[in-house]
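Source file: protein15.cif. Holds: mmCIF, C-alpha atoms.
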```
data_query
#
loop_
_atom_site.label_atom_id
_atom_site.label_comp_id
_atom_site.auth_asym_id
_atom_site.auth_seq_id
_atom_site.Cartn_x
_atom_site.Cartn_y
_atom_site.Cartn_z
CA MET A 294 -80.33 -118.10 6.43
CA TYR A 295 -76.79 -118.59 5.12
CA GLU A 296 -75.08 -119.27 8.46
CA GLY A 297 -74.59 -123.00 7.77
CA ILE A 298 -72.75 -122.32 4.50
CA GLN A 299 -70.66 -119.59 6.11
CA ARG A 300 -69.64 -121.75 9.07
CA ALA A 301 -68.67 -124.69 6.84
CA HIS A 302 -66.69 -122.37 4.58
CA GLN A 303 -64.82 -120.85 7.52
CA VAL A 304 -63.73 -124.33 8.63
CA LEU A 305 -62.47 -124.99 5.11
CA VAL A 306 -60.57 -121.69 4.98
CA GLU A 307 -58.83 -122.45 8.28
CA GLN A 308 -57.87 -125.95 7.15
CA LEU A 309 -56.42 -124.64 3.90
CA ALA A 310 -54.41 -122.00 5.78
CA SER A 311 -53.01 -124.69 8.09
CA PHE A 312 -52.20 -126.93 5.13
CA ASN A 313 -50.45 -124.11 3.25
CA SER A 314 -48.28 -123.47 6.31
CA THR A 315 -47.22 -127.15 6.44
CA TRP A 316 -46.66 -128.72 3.05
CA PRO A 317 -44.13 -126.21 1.55
CA GLY A 318 -41.59 -127.26 4.21
CA LEU A 319 -41.85 -130.88 3.06
CA VAL A 320 -41.16 -130.27 -0.63
CA VAL A 321 -38.32 -132.23 -2.24
CA ASP A 322 -39.05 -131.00 -5.74
CA GLY A 323 -41.94 -130.16 -8.04
CA ARG A 324 -43.23 -127.86 -10.71
CA VAL A 325 -46.44 -126.34 -12.01
CA TRP A 326 -47.72 -125.07 -15.32
CA GLN A 327 -49.55 -121.76 -15.44
CA VAL A 328 -52.60 -121.87 -17.70
CA PRO A 329 -53.99 -118.52 -18.91
CA LEU A 330 -57.24 -117.35 -17.36
CA LEU A 331 -60.24 -117.30 -19.69
CA ASN A 332 -61.92 -113.95 -20.21
CA GLU A 333 -64.93 -115.57 -21.88
CA GLN A 334 -66.83 -118.83 -21.45
CA LYS A 335 -65.09 -120.44 -24.39
CA THR A 336 -61.71 -122.13 -24.64
CA PRO A 337 -59.56 -120.49 -27.33
CA ASP A 338 -58.01 -122.59 -30.06
CA VAL A 339 -54.56 -122.21 -28.49
CA LEU A 340 -53.55 -122.01 -24.82
CA GLU A 341 -49.87 -121.42 -24.10
CA VAL A 342 -48.71 -122.75 -20.71
CA ARG A 343 -45.70 -121.58 -18.69
CA GLU A 344 -43.61 -123.97 -16.57
CA VAL A 345 -42.60 -122.76 -13.10
CA ASP A 346 -40.49 -124.54 -10.47
CA GLY A 347 -38.80 -123.83 -7.15
CA GLN A 348 -40.17 -121.35 -4.63
CA ALA A 349 -42.16 -119.57 -7.35
CA ALA A 350 -44.09 -122.79 -8.00
CA ILE A 351 -44.81 -123.22 -4.28
CA ALA A 352 -46.08 -119.65 -4.05
CA LEU A 353 -48.39 -120.15 -7.02
CA ALA A 354 -49.68 -123.42 -5.55
CA THR A 355 -50.47 -122.05 -2.09
CA ALA A 356 -52.41 -119.18 -3.68
CA ALA A 357 -54.30 -121.53 -6.01
CA LEU A 358 -55.27 -123.94 -3.22
CA ALA A 359 -56.79 -121.14 -1.16
CA SER A 360 -58.44 -119.27 -4.05
CA HIS A 361 -62.22 -119.50 -4.21
CA GLN A 362 -62.68 -116.11 -5.89
CA ARG A 363 -62.65 -115.23 -9.57
CA ASP A 364 -59.54 -113.27 -10.51
CA VAL A 365 -59.56 -109.92 -12.30
CA GLY A 366 -60.62 -110.49 -15.90
CA GLN A 367 -61.69 -114.10 -15.28
CA ALA A 368 -65.02 -114.90 -16.93
CA ALA A 369 -67.90 -116.17 -14.81
CA GLY A 370 -68.32 -119.94 -15.03
CA THR A 371 -64.62 -120.55 -15.71
CA VAL A 372 -61.92 -121.79 -13.34
CA MET A 373 -58.30 -120.98 -12.66
CA ARG A 374 -56.18 -124.09 -13.34
CA LEU A 375 -52.70 -124.83 -12.03
CA PRO A 376 -51.63 -128.37 -13.01
CA GLY A 377 -48.46 -129.65 -11.43
CA TYR A 378 -46.95 -131.97 -8.83
CA PHE A 379 -44.91 -131.81 -5.63
CA ARG A 380 -42.88 -134.69 -4.20
CA LEU A 381 -42.79 -134.51 -0.41
CA GLN A 382 -40.71 -135.95 2.43
CA ALA A 383 -43.80 -137.00 4.40
CA SER A 384 -47.48 -137.71 3.83
CA VAL A 385 -50.08 -134.95 3.75
CA LEU A 386 -52.93 -137.33 2.91
CA PRO A 387 -54.78 -136.95 6.25
CA GLN A 388 -54.86 -133.17 5.87
CA VAL A 389 -55.97 -133.37 2.24
CA LEU A 390 -58.74 -135.85 3.06
CA ALA A 391 -59.98 -133.51 5.82
CA ILE A 392 -59.95 -130.56 3.42
CA ASN A 393 -61.90 -132.49 0.78
CA ALA A 394 -64.41 -133.53 3.47
CA SER A 395 -64.85 -129.87 4.38
CA LYS A 396 -65.42 -129.01 0.73
CA GLN A 397 -68.18 -131.64 0.73
CA ALA A 398 -69.61 -130.13 3.94
CA VAL A 399 -69.97 -126.77 2.17
CA THR A 400 -71.70 -128.53 -0.72
CA ASP A 401 -74.03 -130.32 1.71
CA GLU A 402 -74.98 -127.04 3.39
CA ILE A 403 -75.79 -125.48 0.01
CA GLU A 404 -77.96 -128.46 -0.88
CA ALA A 405 -79.77 -128.41 2.47
CA LEU A 406 -80.62 -124.72 2.00
CA ARG A 407 -81.72 -125.30 -1.60
CA LEU A 408 -84.12 -128.04 -0.55
CA ALA A 409 -85.44 -125.98 2.36
CA LEU A 410 -86.21 -123.08 0.01
CA GLY A 411 -87.61 -125.35 -2.72
CA TYR A 412 -85.17 -124.06 -5.34
CA THR A 413 -84.06 -125.94 -8.46
CA PRO A 414 -80.53 -127.44 -8.62
CA GLU A 415 -79.47 -124.62 -10.94
CA MET A 416 -79.73 -122.24 -7.97
CA ARG A 417 -76.82 -123.80 -6.05
CA PRO A 418 -74.13 -121.38 -7.35
CA ARG A 419 -76.38 -118.40 -6.64
CA LEU A 420 -76.96 -119.54 -3.06
CA LEU A 421 -73.20 -119.88 -2.59
CA ARG A 422 -72.58 -116.37 -3.92
CA ARG A 423 -75.29 -114.94 -1.69
CA ALA A 424 -73.64 -116.57 1.31
CA LEU A 425 -69.98 -115.83 0.55
CA GLY A 426 -69.89 -112.99 -1.96
CA ALA A 427 -70.42 -112.32 -5.64
CA GLY A 428 -66.89 -113.26 -6.68
CA VAL A 429 -66.94 -116.79 -5.25
CA THR A 430 -66.88 -119.53 -7.86
CA THR A 431 -68.47 -122.88 -7.02
CA LYS A 432 -66.16 -124.91 -9.23
CA GLN A 433 -62.96 -123.56 -7.66
CA LEU A 434 -64.26 -124.08 -4.14
CA GLN A 435 -65.52 -127.63 -4.65
CA ARG A 436 -62.74 -129.15 -6.75
CA THR A 437 -60.82 -132.00 -5.17
CA ILE A 438 -57.23 -131.76 -4.00
CA HIS A 439 -55.37 -134.99 -4.76
CA ALA A 440 -52.70 -136.69 -2.66
CA PHE A 441 -51.09 -140.15 -2.93
CA ASP A 442 -49.09 -141.94 -0.25
CA GLY A 443 -46.78 -143.42 -2.84
CA ALA A 444 -43.85 -142.57 -5.09
CA PRO A 445 -44.82 -142.88 -8.78
CA ARG A 446 -42.32 -144.06 -11.36
CA ARG A 447 -43.96 -141.97 -14.06
CA ILE A 448 -46.09 -138.80 -14.21
CA SER A 449 -47.69 -137.52 -17.41
CA PHE A 450 -49.62 -134.30 -18.00
CA THR A 451 -51.87 -134.04 -21.06
CA TRP A 452 -54.95 -132.19 -22.26
CA ALA A 453 -58.38 -133.85 -22.14
CA GLY A 454 -60.19 -132.36 -25.09
CA HIS A 455 -63.13 -134.73 -25.65
CA THR A 456 -64.40 -135.21 -22.09
CA THR A 457 -68.06 -135.35 -21.07
CA SER A 458 -69.82 -134.93 -17.74
CA ASN A 459 -72.83 -137.11 -16.96
CA GLN A 460 -75.40 -136.41 -14.23
CA ARG A 461 -77.94 -139.04 -13.13
CA ILE A 462 -81.46 -137.57 -12.84
CA PRO A 463 -84.66 -139.46 -11.85
CA VAL A 464 -87.51 -139.15 -14.33
CA ALA A 465 -89.73 -137.90 -11.47
CA THR A 466 -87.42 -134.90 -11.01
CA VAL A 467 -87.57 -134.07 -14.72
CA ARG A 468 -91.38 -134.27 -14.65
CA GLU A 469 -91.64 -131.97 -11.64
CA GLN A 470 -89.39 -129.38 -13.24
CA LEU A 471 -91.25 -129.47 -16.56
CA GLN A 472 -94.63 -129.25 -14.83
CA ALA A 473 -93.52 -126.17 -12.90
CA GLU A 474 -92.07 -124.54 -16.03
CA ALA A 475 -95.24 -125.29 -18.01
CA GLU A 476 -97.50 -123.78 -15.35
CA SER A 477 -95.30 -120.69 -15.07
CA ARG A 478 -95.26 -120.11 -18.84
CA ALA A 479 -99.02 -120.67 -19.15
CA GLN A 480 -99.68 -118.10 -16.43
CA GLN A 481 -97.25 -115.51 -17.78
CA GLN A 482 -98.36 -115.80 -21.43
CA GLY A 483 -102.04 -116.44 -20.76
CA ILE A 484 -102.18 -119.63 -22.82
CA PRO A 485 -103.62 -123.07 -22.03
CA LEU A 486 -101.22 -125.37 -20.21
CA GLU A 487 -101.46 -127.93 -23.02
CA GLN A 488 -100.04 -125.41 -25.53
CA THR A 489 -96.77 -124.78 -23.70
CA PRO A 490 -93.55 -126.35 -25.06
CA GLU A 491 -92.86 -127.82 -21.62
CA TYR A 492 -96.18 -129.69 -21.64
CA GLN A 493 -95.29 -131.16 -25.02
CA ASP A 494 -91.95 -132.18 -23.57
CA LEU A 495 -93.78 -133.95 -20.75
CA ARG A 496 -95.51 -136.10 -23.34
CA THR A 497 -92.06 -137.10 -24.67
CA ILE A 498 -91.26 -138.93 -21.44
CA ALA A 499 -94.82 -140.11 -20.68
CA ASN A 500 -93.89 -143.77 -21.13
CA LEU A 501 -91.05 -143.68 -18.57
CA ALA A 502 -91.51 -144.67 -14.93
CA ASP A 503 -90.83 -142.10 -12.21
CA ASP A 504 -88.07 -144.22 -10.69
CA GLN A 505 -86.15 -144.59 -13.96
CA VAL A 506 -82.87 -142.72 -14.18
CA LEU A 507 -81.75 -140.60 -17.11
CA ILE A 508 -78.24 -139.37 -17.90
CA LYS A 509 -77.83 -135.64 -18.55
CA HIS A 510 -74.94 -135.28 -20.98
CA LYS A 511 -72.72 -132.20 -20.93
CA VAL A 512 -69.54 -131.53 -22.88
CA VAL A 513 -66.72 -130.44 -20.59
CA ALA A 514 -64.27 -127.74 -21.66
CA PRO A 515 -60.72 -128.91 -22.47
CA HIS A 516 -58.74 -129.29 -19.25
CA PRO A 517 -55.38 -130.71 -18.14
CA ARG A 518 -55.19 -134.17 -16.62
CA CYS A 519 -52.47 -136.12 -14.85
CA THR A 520 -51.76 -139.84 -15.30
CA LEU A 521 -49.78 -141.70 -12.64
CA TRP A 522 -47.94 -145.05 -12.73
CA PHE A 523 -46.96 -146.63 -9.40
CA GLY A 524 -46.52 -150.25 -10.50
CA GLU A 525 -43.72 -152.05 -12.25
CA ARG A 526 -42.59 -150.99 -15.70
CA GLY A 527 -44.87 -152.36 -18.40
CA GLU A 528 -48.04 -152.20 -16.29
CA LYS A 529 -50.95 -149.90 -17.12
CA TRP A 530 -51.52 -146.57 -15.43
CA ASP A 531 -52.80 -146.56 -11.86
CA ALA A 532 -54.67 -143.26 -11.70
CA ILE A 533 -55.94 -140.51 -13.99
CA ILE A 534 -56.98 -137.28 -12.25
CA LYS A 535 -58.10 -133.83 -13.30
CA ALA A 536 -55.05 -131.61 -12.98
CA ASN A 537 -56.83 -128.43 -11.91
CA LEU A 538 -54.51 -128.20 -8.91
CA PRO A 539 -51.09 -129.69 -8.11
CA VAL A 540 -51.03 -133.30 -6.89
CA PHE A 541 -49.08 -134.20 -3.75
CA LEU A 542 -46.89 -137.32 -3.84
CA LEU A 543 -44.25 -139.02 -1.72
CA ALA A 544 -40.65 -138.76 -2.85
CA GLY A 545 -39.00 -142.08 -3.61
CA GLU A 546 -35.36 -143.04 -4.03
CA ALA A 547 -35.54 -142.61 -7.79
CA GLU A 548 -36.90 -139.57 -9.56
CA PRO A 549 -39.98 -140.28 -11.69
CA LYS A 550 -40.11 -139.80 -15.41
CA VAL A 551 -42.22 -136.67 -15.97
CA SER A 552 -43.95 -135.76 -19.23
CA ALA A 553 -44.56 -132.01 -19.08
CA LEU A 554 -47.83 -130.33 -20.01
CA ARG A 555 -47.64 -128.88 -23.50
CA ASP A 556 -49.57 -125.99 -25.01
CA PHE A 557 -53.18 -126.73 -25.93
CA ASP A 558 -53.77 -126.61 -29.68
CA ARG A 559 -57.26 -127.48 -30.83
CA ALA A 560 -56.14 -128.02 -34.43
CA ALA A 561 -53.54 -130.55 -33.33
CA ARG A 562 -55.96 -132.56 -31.19
CA GLY A 563 -56.28 -136.21 -32.14
CA ARG A 564 -59.47 -138.09 -32.83
CA GLN A 565 -61.90 -138.94 -30.05
CA ARG A 566 -61.45 -142.09 -28.00
CA GLY A 567 -62.58 -145.34 -29.57
CA ASP A 568 -63.98 -146.90 -26.37
CA VAL A 569 -66.79 -144.47 -25.53
CA LYS A 570 -70.29 -145.83 -25.00
CA ALA A 571 -73.13 -145.13 -27.42
CA ARG A 572 -76.09 -143.27 -25.92
CA ALA A 573 -79.72 -144.36 -26.21
CA GLU A 574 -81.68 -141.19 -26.94
CA VAL A 575 -84.67 -140.29 -24.80
CA TRP A 576 -84.76 -136.54 -25.17
CA ALA A 577 -81.84 -135.26 -27.22
CA GLU A 578 -82.98 -131.62 -27.12
CA ARG A 579 -82.26 -131.54 -23.37
CA ASN A 580 -79.29 -133.92 -23.57
CA LEU A 581 -81.09 -136.68 -21.64
CA TYR A 582 -80.30 -140.31 -22.41
CA LEU A 583 -80.78 -143.77 -20.97
CA PRO A 584 -77.77 -145.17 -19.05
CA THR A 585 -75.61 -147.51 -21.09
CA GLY A 586 -74.87 -150.81 -19.36
CA GLY A 587 -71.64 -152.72 -19.31
CA GLN A 588 -68.09 -151.76 -18.50
CA ARG A 589 -65.51 -149.79 -20.39
CA SER A 590 -63.38 -151.76 -22.76
CA ASP A 591 -59.83 -152.91 -22.00
CA VAL A 592 -58.53 -149.68 -23.51
CA GLU A 593 -58.99 -148.09 -20.12
CA GLU A 594 -60.46 -149.90 -17.13
CA GLY A 595 -61.11 -153.50 -18.16
CA ASP A 596 -60.24 -155.86 -15.30
CA ARG A 597 -58.03 -153.32 -13.57
CA VAL A 598 -56.65 -154.09 -10.12
CA PRO A 599 -57.69 -151.34 -7.65
CA LEU A 600 -54.95 -148.91 -6.67
CA LYS A 601 -53.28 -150.18 -3.49
CA THR A 602 -51.64 -146.85 -2.68
CA SER A 603 -53.63 -144.86 -0.10
CA SER A 604 -54.93 -141.73 -1.79
CA THR A 605 -57.82 -139.43 -2.63
CA TYR A 606 -58.36 -141.23 -5.93
CA ARG A 607 -61.40 -143.13 -7.15
CA LEU A 608 -62.29 -144.31 -10.66
CA GLY A 609 -64.78 -142.15 -12.54
CA GLY A 610 -67.94 -143.09 -14.38
CA ILE A 611 -68.81 -144.05 -17.94
CA THR A 612 -68.19 -141.82 -20.92
CA TYR A 613 -71.20 -141.42 -23.23
CA GLU A 614 -71.29 -140.37 -26.84
CA SER A 615 -73.83 -140.19 -29.63
CA PRO A 616 -73.62 -143.05 -32.15
CA ALA A 617 -71.57 -142.27 -35.25
#
```

Render the structure in this file as structure tokens.
Amino acid sequence: MYEGIQRAHQVLVEQLASFNSTWPGLVVDGRVWQVPLLNEQKTPDVLEVREVDGQAAIALATAALASHQRDVGQAAGTVMRLPGYFRLQASVLPQVLAINASKQAVTDEIEALRLALGYTPEMRPRLLRRALGAGVTTKQLQRTIHAFDGAPRRISFTWAGHTTSNQRIPVATVREQLQAEAESRAQQQGIPLEQTPEYQDLRTIANLADDQVLIKHKVVAPHPRCTLWFGERGEKWDAIIKANLPVFLLAGEAEPKVSALRDFDRAARGRQRGDVKARAEVWAERNLYLPTGGQRSDVEEGDRVPLKTSSTYRLGGITYESPA
């Protein structure tokens, strides 16, 4: 039953091993910042990071790239993070693109099995653990490795403390899930279907068409991010990526200006961004909202020119927030 997932994962493991045997020999310089593992599903108010460079940084990076298992003491649902960068003598972009494609292949195999078994989307991590072992973490396996075929003039590492994740869900899918939950509760508790909370929830979205799309809003835990500038001085940033793993860059003639990652301090966090989109409530109890049209303001994307440097990067989606 799980052979497809296992085969796809084996391809990924072999590619990562090959990559880890190649890129360290190309390193000009680089460094990483060790972030403490979380022993509970909650980010503490303070996270102290430790800067590492040289061969020790390379060793930490090769281990992090290949790690799909939770470490000792690491809480379920959390990820090991190792932000950093390495400037290389030659491009590794083709290898990184192949690895990311293999990560997607594992995801596709999980989804194919889920659909074949008729399971809900929430079962994806469980299917992965059944296929590869109880200690495997979906988030660490699926996260993107980033590489850029360019030499940035500036690199900045910061903490993203007010980030949200937004999943697009058809109304028809929400109805099917609620209907199944309502029928299950009615049978287990021996009550009429119309008296279940899920049936009442169905009435909440009765006026929406099946082909309408809702946004499921989820607050993302604070995480490090990396901002890159490749253009001339005075121009806006060219890429902002999640810094869960080190980013691979080409070494230029001049060394880039690097702003190191500092300790995370919740009390010292600034206010939330001023350019987030307001959400139109549909079903706040389940964090479901109508998509907000329009583009981000000039604070971030605006009329940005697409990044010309070949890379793994692509611009993300819209940030949503409840009205003040």

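Between CA of Thr437 in chain A and CA of Arg380 in chain A there is a distance of 18.2 Å.
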
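Of the residues listed (A:Glu528, A:Asp401, A:Asp503, A:Asp442), A:Asp503 shows the shortest atom-to-atom separation from Glu469 in chain A; distances use all atoms listed in the file.
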
Residues returned when the PyMOL selection byres ((chain A and resi 545) around 12) runs on this file, as a CSV table (one decimal) with C-alpha atoms, in the frame of the given file:
```csv
chain,number,residue,atom,x,y,z
A,321,VAL,CA,-38.3,-132.2,-2.2
A,322,ASP,CA,-39.0,-131.0,-5.7
A,380,ARG,CA,-42.9,-134.7,-4.2
A,381,LEU,CA,-42.8,-134.5,-0.4
A,382,GLN,CA,-40.7,-136.0,2.4
A,383,ALA,CA,-43.8,-137.0,4.4
A,442,ASP,CA,-49.1,-141.9,-0.2
A,443,GLY,CA,-46.8,-143.4,-2.8
A,444,ALA,CA,-43.8,-142.6,-5.1
A,445,PRO,CA,-44.8,-142.9,-8.8
A,446,ARG,CA,-42.3,-144.1,-11.4
A,447,ARG,CA,-44.0,-142.0,-14.1
A,523,PHE,CA,-47.0,-146.6,-9.4
A,542,LEU,CA,-46.9,-137.3,-3.8
A,543,LEU,CA,-44.2,-139.0,-1.7
A,544,ALA,CA,-40.6,-138.8,-2.8
A,546,GLU,CA,-35.4,-143.0,-4.0
A,547,ALA,CA,-35.5,-142.6,-7.8
A,548,GLU,CA,-36.9,-139.6,-9.6
A,549,PRO,CA,-40.0,-140.3,-11.7
```

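Using all atoms listed in the file, the residues found no farther than 9 Å from Asp346 in chain A, other than those of its own chain fewer than 3 positions away, are Asp322, Gly323, Arg324, Val325, Trp326, Ala349, Ala350 and Ile351 of chain A.
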
Explicit residues for the PyMOL selection byres ((chain A and resi 306-313) around 10) (as a ChimeraX atom specification): /A:300-305,314-318,351-352,354-356,358-361,385,388-389,391-393,395-396

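For the structure shown here, the set of residues caught by the PyMOL selection byres ((chain A and resi 499) around 12) is Val464, Ala465, Val467, Arg468, Leu471, Tyr492, Gln493, Asp494, Leu495, Arg496, Thr497, Ile498, Asn500, Leu501, Ala502, Asp503, Gln505, Val575 and Trp576 of chain A.
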
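For the atom pair formed by CA of Leu420 in chain A and CA of Thr371 in chain A, the distance is 17.7 Å, given to one decimal.
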
Considering only C-alpha atoms, return as a ChimeraX atom specification whatever protein or nucleic-acid residues lie within 10 Å of Gln488 in chain A, sequence-local ones (same chain, fewer than 6 positions apart) excluded. /A:475,478-479

Pull C-alpha atoms from the residues just selected and write them as a PDB file, keeping the file's coordinate frame.
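Result saved to selection_4.pdb:
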```
ATOM      1  CA  ALA A 475     -95.240-125.290 -18.010  1.00  0.00           C
ATOM      2  CA  ARG A 478     -95.260-120.110 -18.840  1.00  0.00           C
ATOM      3  CA  ALA A 479     -99.020-120.670 -19.150  1.00  0.00           C
TER       4      ALA A 479
END
```

Coordinates-based distance that separates CA of Tyr412 in chain A from CA of Thr466 in chain A (Å, one decimal): 12.4 Å

Got a sec: who's within 9 Å of Gln334 in chain A, counting all atoms listed in the file, leaving out chain neighbours fewer than 2 positions off, as number ranges by chain? A: 331-332, 336, 368-371

Show which residues sit within 9 Å of Val540 in chain A, as a list in words. Count all atoms listed in the file, and ignore same-chain residues fewer than 6 positions away. Pro376, Gly377, Tyr378, Phe379, Arg380, Ile438, His439, Ala440, Phe441, Cys519 and Ile534 of chain A

Generate a file of the selected residues that holds C-alpha atoms, formatted as a PDB file, in the coordinates of the input.
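Wrote it out as out-v2.pdb, contents follow:
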```
ATOM      1  CA  PRO A 376     -51.630-128.370 -13.010  1.00  0.00           C
ATOM      2  CA  GLY A 377     -48.460-129.650 -11.430  1.00  0.00           C
ATOM      3  CA  TYR A 378     -46.950-131.970  -8.830  1.00  0.00           C
ATOM      4  CA  PHE A 379     -44.910-131.810  -5.630  1.00  0.00           C
ATOM      5  CA  ARG A 380     -42.880-134.690  -4.200  1.00  0.00           C
ATOM      6  CA  ILE A 438     -57.230-131.760  -4.000  1.00  0.00           C
ATOM      7  CA  HIS A 439     -55.370-134.990  -4.760  1.00  0.00           C
ATOM      8  CA  ALA A 440     -52.700-136.690  -2.660  1.00  0.00           C
ATOM      9  CA  PHE A 441     -51.090-140.150  -2.930  1.00  0.00           C
ATOM     10  CA  CYS A 519     -52.470-136.120 -14.850  1.00  0.00           C
ATOM     11  CA  ILE A 534     -56.980-137.280 -12.250  1.00  0.00           C
TER      12      ILE A 534
END
```

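The environment of Leu330 in chain A within 9 Å, counting all atoms listed in the file and disregarding residues fewer than 3 places along the same chain, consists of A:Asp364, A:Gly366, A:Gln367, A:Ala368, A:Thr371, A:Val372, A:Met373, A:Arg374.
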
Given the choices A:Met294, A:Ala536, A:Ala514, A:Leu406, which gets closest to Leu375 in chain A if the distance is worked out from all atoms listed in the file? A:Ala536

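Closest approach to Ala453 in chain A from the set A:Val320, A:Ala532, A:Val345, A:Leu554 is made by A:Leu554, with distances taken over only C-alpha atoms.
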